[in-house]
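Chemist: If it helps, the file is called input00.pdb and holds PDB, C-alpha atoms and all ligand atoms:
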ATOM      1  CA  GLN A1497     -28.693  40.883  94.716
ATOM      2  CA  ASP A1498     -30.360  44.293  95.018
ATOM      3  CA  GLY A1499     -33.275  45.127  92.763
ATOM      4  CA  SER A1500     -36.504  47.012  92.240
ATOM      5  CA  ALA A1501     -39.860  45.663  91.075
ATOM      6  CA  THR A1502     -42.676  47.785  89.677
ATOM      7  CA  ALA A1503     -45.902  47.860  91.705
ATOM      8  CA  VAL A1504     -48.991  48.592  89.589
ATOM      9  CA  PRO A1505     -52.168  49.967  91.217
ATOM     10  CA  SER A1506     -55.156  47.669  90.683
ATOM     11  CA  ASP A1507     -58.799  48.725  91.144
ATOM     12  CA  GLY A1508     -57.627  51.340  93.651
ATOM     13  CA  VAL A1509     -57.428  48.683  96.352
ATOM     14  CA  GLU A1510     -53.980  47.112  95.985
ATOM     15  CA  TYR A1511     -50.690  47.228  94.124
ATOM     16  CA  LEU A1512     -49.617  44.166  92.151
ATOM     17  CA  VAL A1513     -46.074  43.093  91.338
ATOM     18  CA  SER A1514     -45.248  40.771  88.441
ATOM     19  CA  THR A1515     -43.332  37.897  90.032
ATOM     20  CA  SER A1516     -41.708  34.798  88.545
ATOM     21  CA  VAL A1517     -42.389  31.552  90.448
ATOM     22  CA  GLY A1518     -40.669  28.572  88.858
ATOM     23  CA  GLY A1519     -40.521  30.542  85.618
ATOM     24  CA  GLN A1520     -44.257  31.223  85.687
ATOM     25  CA  SER A1521     -45.365  34.899  85.866
ATOM     26  CA  LEU A1522     -47.977  35.848  88.450
ATOM     27  CA  ASN A1523     -49.298  39.234  89.621
ATOM     28  CA  LEU A1524     -48.868  39.142  93.391
ATOM     29  CA  ASP A1525     -49.974  41.465  96.210
ATOM     30  CA  PHE A1526     -47.030  42.335  98.477
ATOM     31  CA  ASP A1527     -48.258  42.291 102.043
ATOM     32  CA  THR A1528     -46.141  43.554 104.939
ATOM     33  CA  GLY A1529     -49.032  42.542 107.234
ATOM     34  CA  SER A1530     -48.643  38.781 106.751
ATOM     35  CA  ALA A1531     -45.846  36.248 106.210
ATOM     36  CA  ASP A1532     -47.129  33.625 103.761
ATOM     37  CA  LEU A1533     -46.161  33.536 100.068
ATOM     38  CA  TRP A1534     -49.107  31.804  98.444
ATOM     39  CA  VAL A1535     -50.266  31.486  94.851
ATOM     40  CA  PHE A1536     -53.347  30.519  92.889
ATOM     41  CA  SER A1537     -52.569  27.012  91.655
ATOM     42  CA  SER A1538     -53.798  24.311  89.310
ATOM     43  CA  GLU A1539     -55.064  22.529  92.429
ATOM     44  CA  LEU A1540     -57.934  25.021  92.791
ATOM     45  CA  PRO A1541     -61.374  24.300  91.371
ATOM     46  CA  SER A1542     -61.288  25.552  87.775
ATOM     47  CA  SER A1543     -64.215  27.888  88.521
ATOM     48  CA  ASP A1544     -61.946  29.784  90.949
ATOM     49  CA  LEU A1545     -59.263  30.297  88.298
ATOM     50  CA  SER A1546     -61.170  32.456  85.806
ATOM     51  CA  GLY A1547     -59.446  35.805  85.366
ATOM     52  CA  HIS A1548     -56.341  34.590  87.170
ATOM     53  CA  SER A1549     -52.884  33.430  86.226
ATOM     54  CA  TYR A1550     -51.968  30.404  88.293
ATOM     55  CA  TYR A1551     -49.007  28.217  89.177
ATOM     56  CA  THR A1552     -48.740  24.637  87.961
ATOM     57  CA  SER A1553     -46.032  22.845  89.920
ATOM     58  CA  SER A1554     -45.725  20.054  87.337
ATOM     59  CA  ASP A1555     -44.725  22.689  84.754
ATOM     60  CA  SER A1556     -41.735  23.785  86.838
ATOM     61  CA  SER A1557     -38.467  21.878  86.576
ATOM     62  CA  THR A1558     -37.269  23.409  89.864
ATOM     63  CA  PHE A1559     -40.325  22.667  92.012
ATOM     64  CA  GLN A1560     -39.816  20.393  94.994
ATOM     65  CA  SER A1561     -42.752  19.246  97.087
ATOM     66  CA  LEU A1562     -42.606  19.528 100.895
ATOM     67  CA  SER A1563     -44.435  16.306 101.596
ATOM     68  CA  GLY A1564     -47.099  16.581 104.294
ATOM     69  CA  TYR A1565     -46.692  20.336 104.727
ATOM     70  CA  THR A1566     -49.892  22.409 104.741
ATOM     71  CA  TRP A1567     -50.908  26.022 105.236
ATOM     72  CA  ASP A1568     -54.135  27.740 106.247
ATOM     73  CA  ILE A1569     -54.376  31.501 106.650
ATOM     74  CA  SER A1570     -57.193  33.776 107.816
ATOM     75  CA  TYR A1571     -56.943  37.550 107.414
ATOM     76  CA  ALA A1572     -58.495  40.155 109.662
ATOM     77  CA  ASP A1573     -60.991  41.127 106.942
ATOM     78  CA  GLY A1574     -62.444  37.601 107.080
ATOM     79  CA  SER A1575     -60.848  36.290 103.888
ATOM     80  CA  GLY A1576     -58.667  33.189 103.841
ATOM     81  CA  ALA A1577     -56.931  30.460 101.848
ATOM     82  CA  SER A1578     -55.291  27.074 102.384
ATOM     83  CA  GLY A1579     -53.365  24.331 100.621
ATOM     84  CA  ASN A1580     -50.076  22.472 100.402
ATOM     85  CA  VAL A1581     -46.433  23.541 100.132
ATOM     86  CA  GLY A1582     -43.321  23.149  98.023
ATOM     87  CA  THR A1583     -40.228  25.128  97.160
ATOM     88  CA  ASP A1584     -39.239  26.827  93.932
ATOM     89  CA  THR A1585     -37.157  29.673  92.547
ATOM     90  CA  VAL A1586     -38.813  33.077  93.001
ATOM     91  CA  VAL A1587     -37.594  36.176  91.145
ATOM     92  CA  ILE A1588     -38.780  39.671  92.103
ATOM     93  CA  GLY A1589     -37.215  42.581  90.205
ATOM     94  CA  GLY A1590     -33.503  41.760  90.218
ATOM     95  CA  THR A1591     -33.604  39.582  93.347
ATOM     96  CA  THR A1592     -33.679  35.781  93.087
ATOM     97  CA  VAL A1593     -34.338  33.293  95.885
ATOM     98  CA  GLU A1594     -33.889  29.577  95.192
ATOM     99  CA  GLY A1595     -35.727  27.134  97.445
ATOM    100  CA  GLN A1596     -38.377  29.670  98.478
ATOM    101  CA  ALA A1597     -41.377  28.095 100.201
ATOM    102  CA  VAL A1598     -44.309  28.501  97.816
ATOM    103  CA  GLU A1599     -47.731  27.810  99.269
ATOM    104  CA  LEU A1600     -50.075  26.371  96.638
ATOM    105  CA  ALA A1601     -53.755  27.223  97.103
ATOM    106  CA  GLU A1602     -56.234  24.375  97.085
ATOM    107  CA  LYS A1603     -58.962  26.639  98.540
ATOM    108  CA  VAL A1604     -59.432  30.418  98.496
ATOM    109  CA  SER A1605     -62.302  32.510  99.862
ATOM    110  CA  SER A1606     -64.616  34.304  97.466
ATOM    111  CA  THR A1607     -62.983  37.712  97.877
ATOM    112  CA  PHE A1608     -59.778  36.338  96.369
ATOM    113  CA  VAL A1609     -61.602  34.824  93.374
ATOM    114  CA  SER A1610     -63.013  38.268  92.501
ATOM    115  CA  ASP A1611     -59.779  40.124  93.374
ATOM    116  CA  ALA A1612     -57.122  40.767  90.723
ATOM    117  CA  ALA A1613     -54.189  39.308  92.684
ATOM    118  CA  ASP A1614     -52.898  35.821  91.766
ATOM    119  CA  GLY A1615     -51.608  35.422  95.325
ATOM    120  CA  LEU A1616     -49.677  37.214  98.032
ATOM    121  CA  VAL A1617     -46.059  37.737  99.039
ATOM    122  CA  GLY A1618     -45.952  38.044 102.808
ATOM    123  CA  LEU A1619     -43.254  40.440 104.036
ATOM    124  CA  ALA A1620     -43.940  40.424 107.780
ATOM    125  CA  PHE A1621     -41.907  38.192 110.135
ATOM    126  CA  SER A1622     -41.917  34.410 109.676
ATOM    127  CA  SER A1623     -43.023  33.936 113.304
ATOM    128  CA  ILE A1624     -46.561  34.360 111.892
ATOM    129  CA  ASN A1625     -46.099  32.104 108.854
ATOM    130  CA  THR A1626     -48.902  29.519 108.874
ATOM    131  CA  VAL A1627     -47.099  26.509 107.360
ATOM    132  CA  SER A1628     -47.408  23.339 109.437
ATOM    133  CA  PRO A1629     -45.470  21.469 110.795
ATOM    134  CA  THR A1630     -42.642  23.994 110.256
ATOM    135  CA  PRO A1631     -43.164  27.754 109.623
ATOM    136  CA  GLN A1632     -41.307  28.924 106.499
ATOM    137  CA  SER A1633     -39.136  31.988 105.917
ATOM    138  CA  THR A1634     -40.357  34.888 103.811
ATOM    139  CA  PHE A1635     -38.870  35.927 100.472
ATOM    140  CA  PHE A1636     -37.240  38.925 102.163
ATOM    141  CA  GLU A1637     -35.751  36.847 104.999
ATOM    142  CA  ASN A1638     -34.302  34.414 102.448
ATOM    143  CA  ALA A1639     -33.002  37.238 100.221
ATOM    144  CA  GLN A1640     -31.362  39.246 103.023
ATOM    145  CA  SER A1641     -27.894  37.693 102.824
ATOM    146  CA  SER A1642     -27.685  38.540  99.112
ATOM    147  CA  LEU A1643     -28.673  42.214  99.588
ATOM    148  CA  ASP A1644     -26.270  45.106 100.162
ATOM    149  CA  SER A1645     -28.432  46.168 103.114
ATOM    150  CA  PRO A1646     -30.994  43.933 104.883
ATOM    151  CA  LEU A1647     -33.952  46.130 103.982
ATOM    152  CA  PHE A1648     -36.743  46.654 101.476
ATOM    153  CA  ALA A1649     -38.763  49.780 100.744
ATOM    154  CA  ALA A1650     -42.309  50.413  99.519
ATOM    155  CA  TYR A1651     -43.053  53.255  97.103
ATOM    156  CA  LEU A1652     -46.797  53.298  96.387
ATOM    157  CA  PRO A1653     -47.831  56.690  94.941
ATOM    158  CA  ASN A1654     -51.548  57.341  94.571
ATOM    159  CA  ASN A1655     -52.999  56.131  91.247
ATOM    160  CA  ALA A1656     -49.517  55.730  89.713
ATOM    161  CA  ASP A1657     -46.995  52.939  89.249
ATOM    162  CA  GLY A1658     -44.815  52.417  92.317
ATOM    163  CA  ALA A1659     -42.057  50.014  93.303
ATOM    164  CA  TYR A1660     -40.624  47.712  95.929
ATOM    165  CA  ASP A1661     -36.864  48.235  96.318
ATOM    166  CA  PHE A1662     -34.809  45.386  97.795
ATOM    167  CA  GLY A1663     -31.416  46.006  99.430
ATOM    168  CA  TYR A1664     -31.260  49.791  99.083
ATOM    169  CA  THR A1665     -33.250  52.990  99.453
ATOM    170  CA  ASP A1666     -33.799  55.063  96.306
ATOM    171  CA  ASP A1667     -33.576  58.786  97.013
ATOM    172  CA  SER A1668     -35.277  59.608  93.715
ATOM    173  CA  LYS A1669     -38.505  58.281  95.263
ATOM    174  CA  TYR A1670     -38.669  60.582  98.308
ATOM    175  CA  SER A1671     -37.659  64.018  99.522
ATOM    176  CA  GLY A1672     -36.034  65.069 102.782
ATOM    177  CA  ASP A1673     -34.762  62.638 105.373
ATOM    178  CA  ILE A1674     -35.979  59.157 106.281
ATOM    179  CA  THR A1675     -37.189  59.147 109.906
ATOM    180  CA  TYR A1676     -36.695  55.781 111.610
ATOM    181  CA  THR A1677     -38.247  54.209 114.679
ATOM    182  CA  ASP A1678     -37.545  50.921 116.443
ATOM    183  CA  VAL A1679     -39.848  48.035 115.528
ATOM    184  CA  ASP A1680     -41.217  45.514 118.053
ATOM    185  CA  SER A1681     -41.590  42.323 115.958
ATOM    186  CA  SER A1682     -42.875  40.190 118.854
ATOM    187  CA  ASN A1683     -46.340  39.946 117.254
ATOM    188  CA  GLY A1684     -44.807  39.194 113.845
ATOM    189  CA  PHE A1685     -45.583  42.654 112.424
ATOM    190  CA  TRP A1686     -43.598  45.772 111.578
ATOM    191  CA  GLU A1687     -45.084  47.326 114.718
ATOM    192  CA  TYR A1688     -44.207  50.411 116.790
ATOM    193  CA  PRO A1689     -45.786  52.646 119.442
ATOM    194  CA  SER A1690     -48.423  55.017 118.040
ATOM    195  CA  THR A1691     -49.672  56.821 121.122
ATOM    196  CA  SER A1692     -51.016  60.072 119.697
ATOM    197  CA  TYR A1693     -52.486  61.610 116.569
ATOM    198  CA  LYS A1694     -53.547  65.018 115.297
ATOM    199  CA  VAL A1695     -56.773  65.985 113.534
ATOM    200  CA  GLY A1696     -55.673  69.101 111.720
ATOM    201  CA  SER A1697     -53.651  70.882 114.403
ATOM    202  CA  THR A1698     -55.456  69.365 117.417
ATOM    203  CA  THR A1699     -53.467  66.697 119.249
ATOM    204  CA  HIS A1700     -55.122  63.661 120.825
ATOM    205  CA  SER A1701     -53.503  60.913 122.847
ATOM    206  CA  GLN A1702     -54.188  57.193 122.347
ATOM    207  CA  SER A1703     -52.031  55.772 125.105
ATOM    208  CA  GLY A1704     -51.054  52.125 124.773
ATOM    209  CA  TYR A1705     -51.788  52.072 121.040
ATOM    210  CA  THR A1706     -49.393  50.680 118.478
ATOM    211  CA  GLY A1707     -49.407  50.861 114.697
ATOM    212  CA  ILE A1708     -48.344  48.414 112.004
ATOM    213  CA  SER A1709     -47.109  49.274 108.527
ATOM    214  CA  ASP A1710     -49.286  47.084 106.351
ATOM    215  CA  THR A1711     -49.158  47.250 102.541
ATOM    216  CA  GLY A1712     -51.770  44.463 102.416
ATOM    217  CA  THR A1713     -54.420  46.820 103.793
ATOM    218  CA  THR A1714     -55.870  49.521 101.572
ATOM    219  CA  LEU A1715     -56.943  52.146 104.078
ATOM    220  CA  ILE A1716     -55.886  53.696 107.391
ATOM    221  CA  LEU A1717     -57.631  51.775 110.181
ATOM    222  CA  MET A1718     -57.623  53.278 113.685
ATOM    223  CA  GLY A1719     -59.477  52.929 116.964
ATOM    224  CA  ASP A1720     -63.018  54.281 117.253
ATOM    225  CA  SER A1721     -61.997  57.253 119.419
ATOM    226  CA  ALA A1722     -59.641  58.498 116.690
ATOM    227  CA  VAL A1723     -62.169  57.853 113.922
ATOM    228  CA  THR A1724     -64.865  59.720 115.855
ATOM    229  CA  ALA A1725     -62.510  62.605 116.634
ATOM    230  CA  TYR A1726     -61.677  62.907 112.938
ATOM    231  CA  TYR A1727     -65.190  62.751 111.481
ATOM    232  CA  ASP A1728     -66.510  65.123 114.167
ATOM    233  CA  GLN A1729     -64.488  67.701 112.192
ATOM    234  CA  VAL A1730     -66.115  66.756 108.869
ATOM    235  CA  SER A1731     -69.513  68.423 108.695
ATOM    236  CA  GLY A1732     -72.185  66.156 107.278
ATOM    237  CA  SER A1733     -70.136  62.991 107.718
ATOM    238  CA  SER A1734     -71.813  59.870 109.016
ATOM    239  CA  TYR A1735     -71.336  56.153 109.403
ATOM    240  CA  ASP A1736     -73.199  54.459 106.536
ATOM    241  CA  SER A1737     -73.657  50.758 107.287
ATOM    242  CA  SER A1738     -74.715  50.072 103.702
ATOM    243  CA  GLN A1739     -71.353  51.435 102.491
ATOM    244  CA  GLY A1740     -69.540  49.807 105.406
ATOM    245  CA  GLY A1741     -67.904  52.941 106.737
ATOM    246  CA  TYR A1742     -67.828  56.691 107.222
ATOM    247  CA  VAL A1743     -68.932  58.782 104.254
ATOM    248  CA  PHE A1744     -69.221  62.522 103.621
ATOM    249  CA  ASP A1745     -70.236  64.855 100.817
ATOM    250  CA  CYS A1746     -67.564  64.741  98.135
ATOM    251  CA  SER A1747     -67.220  68.527  98.395
ATOM    252  CA  ALA A1748     -66.478  68.336 102.149
ATOM    253  CA  ASP A1749     -63.477  70.213 103.529
ATOM    254  CA  LEU A1750     -61.299  67.562 105.192
ATOM    255  CA  PRO A1751     -58.705  68.101 107.935
ATOM    256  CA  THR A1752     -55.289  66.473 107.706
ATOM    257  CA  LEU A1753     -54.546  63.437 109.895
ATOM    258  CA  SER A1754     -51.159  63.123 111.581
ATOM    259  CA  ILE A1755     -50.249  59.737 113.039
ATOM    260  CA  SER A1756     -47.394  59.191 115.458
ATOM    261  CA  ILE A1757     -44.817  56.608 114.402
ATOM    262  CA  GLY A1758     -42.617  56.091 117.413
ATOM    263  CA  GLY A1759     -41.921  59.675 118.476
ATOM    264  CA  ASN A1760     -42.555  61.361 115.115
ATOM    265  CA  TYR A1761     -45.682  62.517 113.294
ATOM    266  CA  ALA A1762     -46.505  61.575 109.719
ATOM    267  CA  THR A1763     -49.116  63.937 108.261
ATOM    268  CA  ILE A1764     -51.506  62.509 105.677
ATOM    269  CA  PRO A1765     -52.708  65.278 103.349
ATOM    270  CA  ALA A1766     -56.465  65.921 103.247
ATOM    271  CA  SER A1767     -56.661  64.960  99.572
ATOM    272  CA  LEU A1768     -55.644  61.370 100.386
ATOM    273  CA  LEU A1769     -58.301  61.125 103.106
ATOM    274  CA  ASN A1770     -61.068  61.168 100.501
ATOM    275  CA  PHE A1771     -60.919  57.629  99.112
ATOM    276  CA  GLY A1772     -63.386  58.446  96.355
ATOM    277  CA  THR A1773     -67.005  58.123  95.371
ATOM    278  CA  ALA A1774     -69.157  55.804  97.456
ATOM    279  CA  SER A1775     -72.448  56.551  95.724
ATOM    280  CA  GLY A1776     -73.889  59.690  94.154
ATOM    281  CA  SER A1777     -72.350  62.742  95.793
ATOM    282  CA  SER A1778     -71.127  60.865  98.866
ATOM    283  CA  CYS A1779     -67.491  59.896  99.201
ATOM    284  CA  PHE A1780     -65.846  57.169 101.305
ATOM    285  CA  GLY A1781     -63.280  58.069 103.945
ATOM    286  CA  SER A1782     -59.727  56.679 103.768
ATOM    287  CA  LEU A1783     -59.781  56.564 107.591
ATOM    288  CA  GLN A1784     -62.018  53.829 108.940
ATOM    289  CA  SER A1785     -62.383  51.850 112.152
ATOM    290  CA  VAL A1786     -60.063  48.941 112.934
ATOM    291  CA  GLY A1787     -62.756  47.620 115.267
ATOM    292  CA  SER A1788     -61.596  46.476 118.673
ATOM    293  CA  GLY A1789     -58.054  46.360 120.010
ATOM    294  CA  THR A1790     -55.247  48.897 120.301
ATOM    295  CA  GLN A1791     -53.348  48.074 117.092
ATOM    296  CA  ASN A1792     -53.839  50.645 114.309
ATOM    297  CA  ILE A1793     -53.257  49.521 110.726
ATOM    298  CA  TYR A1794     -51.492  51.956 108.399
ATOM    299  CA  GLY A1795     -52.180  50.714 104.873
ATOM    300  CA  ASP A1796     -51.629  51.808 101.301
ATOM    301  CA  VAL A1797     -53.065  55.315 101.856
ATOM    302  CA  PHE A1798     -50.128  55.925 104.227
ATOM    303  CA  PHE A1799     -47.734  54.737 101.524
ATOM    304  CA  ASN A1800     -49.403  57.059  99.007
ATOM    305  CA  ALA A1801     -47.848  59.852 101.068
ATOM    306  CA  PHE A1802     -44.652  58.223 102.415
ATOM    307  CA  TYR A1803     -41.824  56.037 101.149
ATOM    308  CA  GLY A1804     -41.678  53.233 103.741
ATOM    309  CA  VAL A1805     -38.408  51.488 104.677
ATOM    310  CA  PHE A1806     -38.521  48.069 106.345
ATOM    311  CA  ASP A1807     -35.070  47.457 107.832
ATOM    312  CA  ALA A1808     -34.321  44.059 109.383
ATOM    313  CA  SER A1809     -31.258  45.397 111.230
ATOM    314  CA  GLY A1810     -32.799  46.648 114.447
ATOM    315  CA  PRO A1811     -35.432  45.978 113.220
ATOM    316  CA  SER A1812     -36.705  49.468 112.359
ATOM    317  CA  PHE A1813     -39.233  51.231 110.162
ATOM    318  CA  GLY A1814     -38.503  54.502 108.392
ATOM    319  CA  PHE A1815     -40.653  56.953 106.436
ATOM    320  CA  ALA A1816     -39.956  59.901 104.161
ATOM    321  CA  THR A1817     -42.249  62.201 102.191
ATOM    322  CA  VAL A1818     -43.025  61.010  98.655
TER     323      VAL A1818
HETATM  324  O1  LIG A1901     -57.243  42.275 106.897
HETATM  325  C1  LIG A1901     -56.739  43.327 106.738
HETATM  326  C2  LIG A1901     -57.178  44.642 107.347
HETATM  327  C3  LIG A1901     -58.387  44.618 108.189
HETATM  328  C4  LIG A1901     -59.640  44.622 107.574
HETATM  329  C5  LIG A1901     -60.759  44.660 108.390
HETATM  330  C6  LIG A1901     -60.604  44.695 109.781
HETATM  331  C7  LIG A1901     -59.334  44.708 110.360
HETATM  332  C8  LIG A1901     -58.213  44.662 109.565
HETATM  333  N1  LIG A1901     -55.657  43.559 105.994
HETATM  334  N2  LIG A1901     -54.948  42.610 105.321
HETATM  335  C9  LIG A1901     -53.601  42.527 105.409
HETATM  336  N3  LIG A1901     -53.177  41.564 104.626
HETATM  337  C10 LIG A1901     -54.243  41.036 103.990
HETATM  338  C11 LIG A1901     -54.323  40.004 103.046
HETATM  339  C12 LIG A1901     -55.571  39.651 102.558
HETATM  340  C13 LIG A1901     -56.708  40.306 103.006
HETATM  341  C14 LIG A1901     -56.639  41.347 103.943
HETATM  342  C15 LIG A1901     -55.390  41.683 104.426
END
Can the structure from this file be put into structure tokens for me?

Modeler:
Amino acid sequence: QDGSATAVPSDGVEYLVSTSVGGQSLNLDFDTGSADLWVFSSELPSSDLSGHSYYTSSDSSTFQSLSGYTWDISYADGSGASGNVGTDTVVIGGTTVEGQAVELAEKVSSTFVSDAADGLVGLAFSSINTVSPTPQSTFFENAQSSLDSPLFAAYLPNNADGAYDFGYTDDSKYSGDITYTDVDSSNGFWEYPSTSYKVGSTTHSQSGYTGISDTGTTLILMGDSAVTAYYDQVSGSSYDSSQGGYVFDCSADLPTLSISIGGNYATIPASLLNFGTASGSSCFGSLQSVGSGTQNIYGDVFFNAFYGVFDASGPSFGFATV
């Protein structure tokens, strides 16, 4: 059944959604860049649990263990988690899935201990789910048949409560038309060609590049040529290894950044490209390097400016101005 769940900004780095797992409420990070639904659990060392809500399978009357099933995930930022697997009833907004694979954490890396999320809901394609011996379907894949339309949408306004809509698009959350492009899911991501960009009004090509729509990433991560082209237009900007990225004076005049999604540009306003104070009068850029490779990562900063529609029929990705 269709529904909408509120997404609350947390520490400026992620949006958390209150989710019921076996009747237990957890604040989970919805991540269109991965495909595992995993939770902090009673199986973790108690020192890892401080500040977190966690799932206790023995407290759920609907939990069923998947004997011998394990999971082990590593994210591109170097964080990771692992554990065992069962199924339970998961409720998000007005959408219920019974028998959802729930991955219980027995180990989590330190970044998760200090992060506010009590786990993640992966919303990429189950071809990249890490459960062994059998990859498990995502909440969205399991919910699809009960939705009016096989889609979900992310509404993540800057520094304000947002939402994830399941089964419908909500035209009170965007203006103008939704522009769609075909998605190539062969790598397991909501991925599409992204072969050019604009810094202000100057167009640059990045042939062979793709982009992924990734709500599990905070910033906009692009190849070094794009990052250099952008910060060359920001006087006084520099790469500060101690801050881990490009910084500039907080009073700097920033150009807009337009990214191509399929054949259409999405223009990120300059205000969103200042991520905020790094230290003193220097501010951290919302555009940073993805490192090597030709896959750009369009994270929450993109969704601060655009309502994003993830449509399984196609599949396709659509965006509209917030
Ligand atoms: O890992 C990344 C982005 C990233 C960071 C650094 C270099 C390259 C790419 N995002 N992400 C997407 N889902 C995540 C879940 C947990 C942690 C990070 C997650």

Chemist: Would you compute an axis-aligned box for ligand LIG 1901 (chain A), covering every atom listed for it in the file with 6 Å of margin on each side, and report centre and edge lengths in Å to one decimal as lines of an AutoDock Vina configuration file?

Modeler:
center_x = -57.0
center_y = 42.2
center_z = 106.5
size_x = 19.6
size_y = 17.1
size_z = 19.8

Chemist: List, as a list of chain:residue names, every residue that the PyMOL selection byres (((not hetatm)) within 6 of (chain A and resi 1901)) selects in the file provided.

Modeler: A:Asp1527, A:Gly1529, A:Ser1530, A:Tyr1571, A:Ala1572, A:Asp1573, A:Ser1575, A:Gly1712, A:Thr1713, A:Val1786

Chemist: Can you list what the PyMOL selection byres (((chain A and resi 1508) around 12) and not hetatm) grabs from this structure, as a PyMOL selection string?

Modeler: chain A and resi 1504-1507+1509-1512+1611-1612+1652-1657+1713-1715+1771-1773+1782+1796-1797+1800

Chemist: Is it possible to get the residues within 12 Å of (-62.4, 71.5, 105.1) (coordinates as in the file, counting only C-alpha atoms) written as a PyMOL selection string?

Modeler: chain A and resi 1695-1696+1726-1733+1744-1752+1765-1767+1769-1770

Chemist: On this file, the PyMOL selection byres (((chain A and resi 1625-1635) around 9) and not hetatm) gives some set of residues; write that set as number ranges by chain.

Modeler: A: 1530-1533, 1564-1569, 1580-1581, 1586, 1593, 1596-1597, 1599, 1617-1624, 1636-1640, 1684

Chemist: Rounded to one decimal place, report the CA of Val1679 (chain A)-CA of Ala1762 (chain A) distance in Å.

Modeler: 16.2 Å

Chemist: Between A:Gly1519, A:Gly1499, A:Gly1787, A:Gly1576, which one has atoms that come closest to Ser1606 (chain A), using all atoms listed in the file?

Modeler: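 Selected residue with least distance to Ser1606 (chain A): A:Gly1576.
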
Chemist: Just the number, please: distance in Å from CA of Met1718 (chain A) to CA of Ser1692 (chain A), one decimal.

Modeler: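 Between CA of Met1718 (chain A) and CA of Ser1692 (chain A) the gap is 11.2 Å.
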
Chemist: I need the residue nearest Ala1722 (chain A) from this list: A:Asn1523, A:Ser1754, A:Thr1763, A:Ser1668. Use all atoms listed in the file for the distance.

Modeler: A:Ser1754

Chemist: Which neighbours of Thr1558 (chain A) fall inside 8 Å, counting all atoms listed in the file, when residues of the same chain fewer than 4 positions from it are skipped, and could you give them as a list in words?

Modeler: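 Close residues of Thr1558 (chain A): Gly1518, Asp1584 and Thr1585 of chain A.
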
Chemist: Counting all atoms listed in the file, which of A:Val1513, A:Leu1522, A:Ala1801, A:Leu1540 gets nearest to Leu1600 (chain A)?

Modeler: A:Leu1540

Chemist: Could you please determine the separation between CA of Ser1516 (chain A) and CA of Gln1560 (chain A) in Å, to one decimal place?

Modeler: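 A separation of 15.9 Å between them.
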
Chemist: Out of A:Pro1541, A:Gly1814, A:Asp1555, A:Asp1666, which residue has the shortest atom-to-atom distance to Phe1799 (chain A) when counting only C-alpha atoms?

Modeler: A:Gly1814

Chemist: Looking at A:Tyr1651, A:Gly1615, A:Ser1556, A:Ser1521, which one is nearest to Ile1588 (chain A), with distances taken over all atoms listed in the file?

Modeler: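 For Ile1588 (chain A), the nearest of the candidates is A:Ser1521.
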
Chemist: Would you please work out which residue, of A:His1548, A:Thr1583, A:Gly1574, A:Asp1661, is nearest to Gln1497 (chain A) when using all atoms listed in the file?

Modeler: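 With all atoms listed in the file as the atom set, the closest residue is A:Asp1661.
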